[in-house]
>>> print(open('work_4.txt').read())   # compact mmCIF, C-alpha atoms
# COMPACT_ATOMS: atom_id res chain seq x y z
CA MET A 1 -35.73 -83.04 19.82
CA ALA A 2 -37.93 -82.84 16.88
CA GLU A 3 -36.72 -81.37 13.63
CA HIS A 4 -38.74 -78.64 12.06
CA GLU A 5 -38.91 -78.83 8.33
CA GLU A 6 -41.33 -76.06 7.73
CA VAL A 7 -40.06 -72.61 6.71
CA LEU A 8 -41.59 -69.65 8.42
CA VAL A 9 -42.66 -66.92 6.02
CA ASN A 10 -44.00 -63.56 7.06
CA GLU A 11 -45.73 -61.89 4.12
CA GLU A 12 -45.99 -58.50 5.83
CA VAL A 13 -42.23 -57.97 6.21
CA ASN A 14 -40.29 -56.48 3.29
CA TYR A 15 -36.50 -56.36 3.01
CA GLU A 16 -33.79 -55.60 0.51
CA GLU A 17 -33.09 -58.74 -1.41
CA SER A 18 -29.83 -57.54 -2.96
CA ASP A 19 -26.70 -56.04 -1.35
CA ILE A 20 -25.14 -52.72 -2.31
CA ASN A 21 -23.39 -52.42 -5.60
CA THR A 22 -19.75 -52.70 -4.43
CA ARG A 23 -18.42 -52.17 -7.92
CA LEU A 24 -20.17 -48.78 -8.18
CA LEU A 25 -19.12 -47.76 -4.64
CA LEU A 26 -15.48 -48.70 -5.23
CA GLY A 27 -15.44 -46.91 -8.59
CA SER A 28 -16.88 -43.74 -6.98
CA VAL A 29 -14.26 -43.74 -4.22
CA ILE A 30 -11.42 -44.25 -6.71
CA LEU A 31 -12.79 -41.47 -8.93
CA LEU A 32 -13.00 -39.12 -5.91
CA VAL A 33 -9.38 -39.84 -4.93
CA VAL A 34 -8.12 -39.35 -8.50
CA VAL A 35 -10.00 -36.04 -8.95
CA THR A 36 -8.74 -34.76 -5.58
CA ALA A 37 -5.13 -35.67 -6.39
CA CYS A 38 -5.36 -34.03 -9.83
CA SER A 39 -6.87 -30.87 -8.31
CA MET A 40 -4.06 -30.65 -5.76
CA MET A 41 -1.37 -31.10 -8.42
CA LEU A 42 -3.01 -28.46 -10.63
CA SER A 43 -3.17 -26.02 -7.69
CA LEU A 44 0.51 -26.58 -6.86
CA TRP A 45 1.51 -26.07 -10.48
CA ILE A 46 -0.44 -22.79 -10.68
CA PHE A 47 0.99 -21.57 -7.36
CA ASN A 48 4.58 -22.34 -8.39
CA SER A 49 4.20 -20.65 -11.77
CA LEU A 50 2.73 -17.50 -10.18
CA GLU A 51 5.47 -17.42 -7.54
CA THR A 52 8.15 -17.72 -10.23
CA ARG A 53 6.59 -14.84 -12.18
CA GLN A 54 6.49 -12.66 -9.08
CA VAL A 55 10.15 -13.27 -8.25
CA GLN A 56 11.15 -12.53 -11.84
CA SER A 57 9.13 -9.32 -12.07
CA TYR A 58 10.21 -7.85 -8.70
CA PRO A 59 13.96 -8.06 -8.15
CA THR A 60 15.31 -7.63 -4.64
CA PRO A 61 14.90 -4.04 -3.32
CA LEU A 62 18.01 -4.09 -1.11
CA PRO A 63 20.08 -1.65 -3.23
CA LEU A 64 17.30 0.91 -2.91
CA ILE A 65 17.27 0.92 0.91
CA GLU A 66 20.20 3.33 1.00
CA LEU A 67 18.35 5.86 -1.17
CA ARG A 68 15.10 6.12 0.78
CA PRO A 69 14.58 9.14 3.03
CA THR A 70 13.78 8.99 6.73
CA PRO A 71 10.06 8.24 7.10
CA PRO A 72 7.78 10.86 8.69
CA GLN A 73 6.88 10.78 12.37
CA PRO A 74 5.91 8.64 14.20
CA ARG A 75 8.68 6.19 13.39
CA LEU A 76 8.90 2.70 14.76
CA GLN A 77 11.76 1.86 17.10
CA PRO A 78 14.61 1.21 16.79
CA ASN A 79 15.13 3.42 13.77
CA ALA A 80 17.19 1.53 11.21
CA LEU A 81 18.54 4.69 9.58
CA ASP A 82 20.00 6.64 12.52
CA ARG A 83 20.18 3.70 14.98
CA SER A 84 18.36 5.57 17.74
CA THR A 85 16.44 3.55 20.29
CA ALA A 86 13.16 4.24 22.02
CA GLU A 87 14.95 4.93 25.31
CA GLU A 88 17.14 7.62 23.71
CA ASP A 89 14.12 9.22 22.08
CA MET A 90 12.24 9.21 25.40
CA GLU A 91 15.20 10.87 27.17
CA THR A 92 15.35 13.56 24.48
CA MET A 93 11.61 14.17 24.66
CA ASN A 94 11.63 14.32 28.49
CA ALA A 95 14.53 16.80 28.43
CA ARG A 96 12.60 19.06 26.00
CA GLU A 97 9.46 18.86 28.13
CA ASP A 98 11.39 19.55 31.36
CA ALA A 99 12.98 22.60 29.72
CA ILE A 100 9.52 23.91 28.82
CA LEU A 101 8.12 23.23 32.31
CA ASP A 102 11.08 24.69 34.24
CA THR A 103 11.86 27.91 32.33
CA TYR A 104 10.29 31.23 31.41
CA GLY A 105 9.53 31.80 27.76
CA TRP A 106 7.19 33.19 25.16
CA VAL A 107 4.20 31.15 24.01
CA ASP A 108 3.02 33.88 21.62
CA GLU A 109 5.09 37.06 21.65
CA ASP A 110 2.69 38.97 19.38
CA GLU A 111 -0.23 38.33 21.74
CA GLY A 112 1.89 38.86 24.85
CA ILE A 113 1.40 35.31 26.17
CA VAL A 114 4.26 33.96 28.28
CA ARG A 115 4.90 30.74 30.10
CA ILE A 116 6.28 30.46 33.60
CA PRO A 117 7.86 27.50 35.36
CA ILE A 118 5.32 25.02 36.66
CA ASP A 119 6.47 25.37 40.29
CA ARG A 120 5.91 29.12 40.12
CA ALA A 121 2.45 28.59 38.60
CA ILE A 122 1.52 26.22 41.42
CA ASP A 123 2.69 28.78 43.98
CA ILE A 124 0.64 31.52 42.32
CA LEU A 125 -2.49 29.39 42.15
CA GLY A 126 -1.96 28.21 45.73
CA GLY A 127 -1.88 31.74 47.13
CA GLU A 128 1.76 31.67 48.22
CA ALA A 129 2.70 34.20 45.56
CA GLU A 130 0.68 36.94 47.26
CA GLU A 131 2.86 36.66 50.35
CA GLU A 132 6.07 36.84 48.31
CA GLU A 133 4.95 39.73 46.06
CA PRO A 134 3.18 42.35 48.16
CA GLY A 135 3.07 44.82 45.24
CA ARG A 136 0.59 42.76 43.27
>>> encode(input="work_4.txt", output="structure tokens")
Amino acid sequence: MAEHEEVLVNEEVNYEESDINTRLLLGSVILLVVVTACSMMLSLWIFNSLETRQVQSYPTPLPLIELRPTPPQPRLQPNALDRSTAEEDMETMNAREDAILDTYGWVDEDEGIVRIPIDRAIDILGGEAEEEEPGR
């Protein structure tokens, strides 16, 4: 095979004759890491100093829990002050509602408005009351 001694040169093609500046790139990366680490340490220092100030300015409120009154309704369950549970409260409420639905009573005595048991009201609205009370 024949050796070719001539160098091929293409005048129309341009290219970068130098590589990237590794010294500048490495310096930029190191600077970025150092600034990030310093920022994190500064943030932690600020956070810890603010947390220490907060703890010092607000002592624990546990002694005051005995002095606070019962919060207004609706209260979350279970109630920490009287130790009642949601089930007990529901039973109490259902008993009150059943008493209202199953008994006679005044709604507004001044206006002459009364309540009657719900079963009796259903009978009256269903027409069965007319058979039972011929005088009406």
>>> axis_aligned_box(input="work_4.txt", around="region 39-54 of chain A", padding_each_side="3 Å", output="AutoDock Vina command-line options")
--center_x 0.6 --center_y -21.9 --center_z -9.0 --size_x 21.0 --size_y 24.4 --size_z 12.4
>>> atom_distance(input="work_4.txt", atom1="CA of Glu87 (chain A)", atom2="CA of Gln73 (chain A)")
16.3 Å
>>> atom_distance(input="work_4.txt", atom1="CA of Pro117 (chain A)", atom2="CA of Asp102 (chain A)")
4.4 Å
>>> atom_distance(input="work_4.txt", atom1="CA of Pro71 (chain A)", atom2="CA of Thr92 (chain A)")
18.9 Å
>>> build_atoms(input="work_4.txt", residues="region 18-51 of chain A", atoms="N, CA and C atoms", output="PDB file, in the frame of the given file")
ATOM      1  N   SER A  18     -31.177 -57.567  -2.399  1.00  0.00           N
ATOM      2  CA  SER A  18     -29.830 -57.540  -2.960  1.00  0.00           C
ATOM      3  C   SER A  18     -28.960 -56.618  -2.111  1.00  0.00           C
ATOM      4  N   ASP A  19     -27.645 -56.872  -2.088  1.00  0.00           N
ATOM      5  CA  ASP A  19     -26.700 -56.040  -1.350  1.00  0.00           C
ATOM      6  C   ASP A  19     -26.369 -54.795  -2.170  1.00  0.00           C
ATOM      7  N   ILE A  20     -25.530 -53.924  -1.581  1.00  0.00           N
ATOM      8  CA  ILE A  20     -25.140 -52.720  -2.310  1.00  0.00           C
ATOM      9  C   ILE A  20     -24.257 -53.094  -3.481  1.00  0.00           C
ATOM     10  N   ASN A  21     -24.200 -52.191  -4.425  1.00  0.00           N
ATOM     11  CA  ASN A  21     -23.390 -52.420  -5.600  1.00  0.00           C
ATOM     12  C   ASN A  21     -21.948 -52.025  -5.243  1.00  0.00           C
ATOM     13  N   THR A  22     -21.127 -52.978  -4.863  1.00  0.00           N
ATOM     14  CA  THR A  22     -19.750 -52.700  -4.430  1.00  0.00           C
ATOM     15  C   THR A  22     -18.909 -52.170  -5.569  1.00  0.00           C
ATOM     16  N   ARG A  23     -19.180 -52.619  -6.757  1.00  0.00           N
ATOM     17  CA  ARG A  23     -18.420 -52.170  -7.920  1.00  0.00           C
ATOM     18  C   ARG A  23     -18.621 -50.663  -8.137  1.00  0.00           C
ATOM     19  N   LEU A  24     -19.866 -50.199  -8.028  1.00  0.00           N
ATOM     20  CA  LEU A  24     -20.170 -48.780  -8.180  1.00  0.00           C
ATOM     21  C   LEU A  24     -19.572 -47.965  -7.031  1.00  0.00           C
ATOM     22  N   LEU A  25     -19.665 -48.454  -5.810  1.00  0.00           N
ATOM     23  CA  LEU A  25     -19.120 -47.760  -4.640  1.00  0.00           C
ATOM     24  C   LEU A  25     -17.604 -47.649  -4.738  1.00  0.00           C
ATOM     25  N   LEU A  26     -16.927 -48.709  -5.094  1.00  0.00           N
ATOM     26  CA  LEU A  26     -15.480 -48.700  -5.230  1.00  0.00           C
ATOM     27  C   LEU A  26     -15.042 -47.772  -6.368  1.00  0.00           C
ATOM     28  N   GLY A  27     -15.748 -47.795  -7.467  1.00  0.00           N
ATOM     29  CA  GLY A  27     -15.440 -46.910  -8.590  1.00  0.00           C
ATOM     30  C   GLY A  27     -15.611 -45.447  -8.206  1.00  0.00           C
ATOM     31  N   SER A  28     -16.647 -45.116  -7.422  1.00  0.00           N
ATOM     32  CA  SER A  28     -16.880 -43.740  -6.980  1.00  0.00           C
ATOM     33  C   SER A  28     -15.768 -43.258  -6.052  1.00  0.00           C
ATOM     34  N   VAL A  29     -15.334 -44.117  -5.148  1.00  0.00           N
ATOM     35  CA  VAL A  29     -14.260 -43.740  -4.220  1.00  0.00           C
ATOM     36  C   VAL A  29     -12.958 -43.527  -4.986  1.00  0.00           C
ATOM     37  N   ILE A  30     -12.641 -44.398  -5.914  1.00  0.00           N
ATOM     38  CA  ILE A  30     -11.420 -44.250  -6.710  1.00  0.00           C
ATOM     39  C   ILE A  30     -11.484 -42.973  -7.547  1.00  0.00           C
ATOM     40  N   LEU A  31     -12.635 -42.687  -8.147  1.00  0.00           N
ATOM     41  CA  LEU A  31     -12.790 -41.470  -8.930  1.00  0.00           C
ATOM     42  C   LEU A  31     -12.600 -40.230  -8.050  1.00  0.00           C
ATOM     43  N   LEU A  32     -13.143 -40.245  -6.843  1.00  0.00           N
ATOM     44  CA  LEU A  32     -13.000 -39.120  -5.910  1.00  0.00           C
ATOM     45  C   LEU A  32     -11.534 -38.899  -5.553  1.00  0.00           C
ATOM     46  N   VAL A  33     -10.800 -39.962  -5.280  1.00  0.00           N
ATOM     47  CA  VAL A  33      -9.380 -39.840  -4.930  1.00  0.00           C
ATOM     48  C   VAL A  33      -8.582 -39.298  -6.116  1.00  0.00           C
ATOM     49  N   VAL A  34      -8.849 -39.795  -7.303  1.00  0.00           N
ATOM     50  CA  VAL A  34      -8.120 -39.350  -8.500  1.00  0.00           C
ATOM     51  C   VAL A  34      -8.404 -37.871  -8.781  1.00  0.00           C
ATOM     52  N   VAL A  35      -9.654 -37.446  -8.695  1.00  0.00           N
ATOM     53  CA  VAL A  35     -10.000 -36.040  -8.950  1.00  0.00           C
ATOM     54  C   VAL A  35      -9.367 -35.133  -7.897  1.00  0.00           C
ATOM     55  N   THR A  36      -9.360 -35.562  -6.646  1.00  0.00           N
ATOM     56  CA  THR A  36      -8.740 -34.760  -5.580  1.00  0.00           C
ATOM     57  C   THR A  36      -7.244 -34.634  -5.805  1.00  0.00           C
ATOM     58  N   ALA A  37      -6.575 -35.710  -6.137  1.00  0.00           N
ATOM     59  CA  ALA A  37      -5.130 -35.670  -6.390  1.00  0.00           C
ATOM     60  C   ALA A  37      -4.810 -34.782  -7.592  1.00  0.00           C
ATOM     61  N   CYS A  38      -5.582 -34.884  -8.647  1.00  0.00           N
ATOM     62  CA  CYS A  38      -5.360 -34.030  -9.830  1.00  0.00           C
ATOM     63  C   CYS A  38      -5.582 -32.561  -9.500  1.00  0.00           C
ATOM     64  N   SER A  39      -6.592 -32.261  -8.705  1.00  0.00           N
ATOM     65  CA  SER A  39      -6.870 -30.870  -8.310  1.00  0.00           C
ATOM     66  C   SER A  39      -5.715 -30.311  -7.484  1.00  0.00           C
ATOM     67  N   MET A  40      -5.183 -31.109  -6.583  1.00  0.00           N
ATOM     68  CA  MET A  40      -4.060 -30.650  -5.760  1.00  0.00           C
ATOM     69  C   MET A  40      -2.820 -30.395  -6.619  1.00  0.00           C
ATOM     70  N   MET A  41      -2.532 -31.287  -7.547  1.00  0.00           N
ATOM     71  CA  MET A  41      -1.370 -31.100  -8.420  1.00  0.00           C
ATOM     72  C   MET A  41      -1.541 -29.868  -9.308  1.00  0.00           C
ATOM     73  N   LEU A  42      -2.748 -29.645  -9.822  1.00  0.00           N
ATOM     74  CA  LEU A  42      -3.010 -28.460 -10.630  1.00  0.00           C
ATOM     75  C   LEU A  42      -2.834 -27.189  -9.802  1.00  0.00           C
ATOM     76  N   SER A  43      -3.319 -27.190  -8.569  1.00  0.00           N
ATOM     77  CA  SER A  43      -3.170 -26.020  -7.690  1.00  0.00           C
ATOM     78  C   SER A  43      -1.707 -25.740  -7.399  1.00  0.00           C
ATOM     79  N   LEU A  44      -0.921 -26.765  -7.114  1.00  0.00           N
ATOM     80  CA  LEU A  44       0.510 -26.580  -6.860  1.00  0.00           C
ATOM     81  C   LEU A  44       1.232 -26.041  -8.088  1.00  0.00           C
ATOM     82  N   TRP A  45       0.886 -26.542  -9.245  1.00  0.00           N
ATOM     83  CA  TRP A  45       1.510 -26.070 -10.480  1.00  0.00           C
ATOM     84  C   TRP A  45       1.210 -24.588 -10.709  1.00  0.00           C
ATOM     85  N   ILE A  46      -0.050 -24.193 -10.508  1.00  0.00           N
ATOM     86  CA  ILE A  46      -0.440 -22.790 -10.680  1.00  0.00           C
ATOM     87  C   ILE A  46       0.285 -21.914  -9.657  1.00  0.00           C
ATOM     88  N   PHE A  47       0.323 -22.343  -8.409  1.00  0.00           N
ATOM     89  CA  PHE A  47       0.990 -21.570  -7.360  1.00  0.00           C
ATOM     90  C   PHE A  47       2.470 -21.384  -7.687  1.00  0.00           C
ATOM     91  N   ASN A  48       3.145 -22.435  -8.070  1.00  0.00           N
ATOM     92  CA  ASN A  48       4.580 -22.340  -8.390  1.00  0.00           C
ATOM     93  C   ASN A  48       4.837 -21.443  -9.596  1.00  0.00           C
ATOM     94  N   SER A  49       3.985 -21.512 -10.594  1.00  0.00           N
ATOM     95  CA  SER A  49       4.200 -20.650 -11.770  1.00  0.00           C
ATOM     96  C   SER A  49       3.966 -19.188 -11.417  1.00  0.00           C
ATOM     97  N   LEU A  50       2.971 -18.890 -10.577  1.00  0.00           N
ATOM     98  CA  LEU A  50       2.730 -17.500 -10.180  1.00  0.00           C
ATOM     99  C   LEU A  50       3.859 -16.991  -9.280  1.00  0.00           C
ATOM    100  N   GLU A  51       4.379 -17.832  -8.413  1.00  0.00           N
ATOM    101  CA  GLU A  51       5.470 -17.420  -7.540  1.00  0.00           C
ATOM    102  C   GLU A  51       6.732 -17.131  -8.362  1.00  0.00           C
TER     103      GLU A  51
END
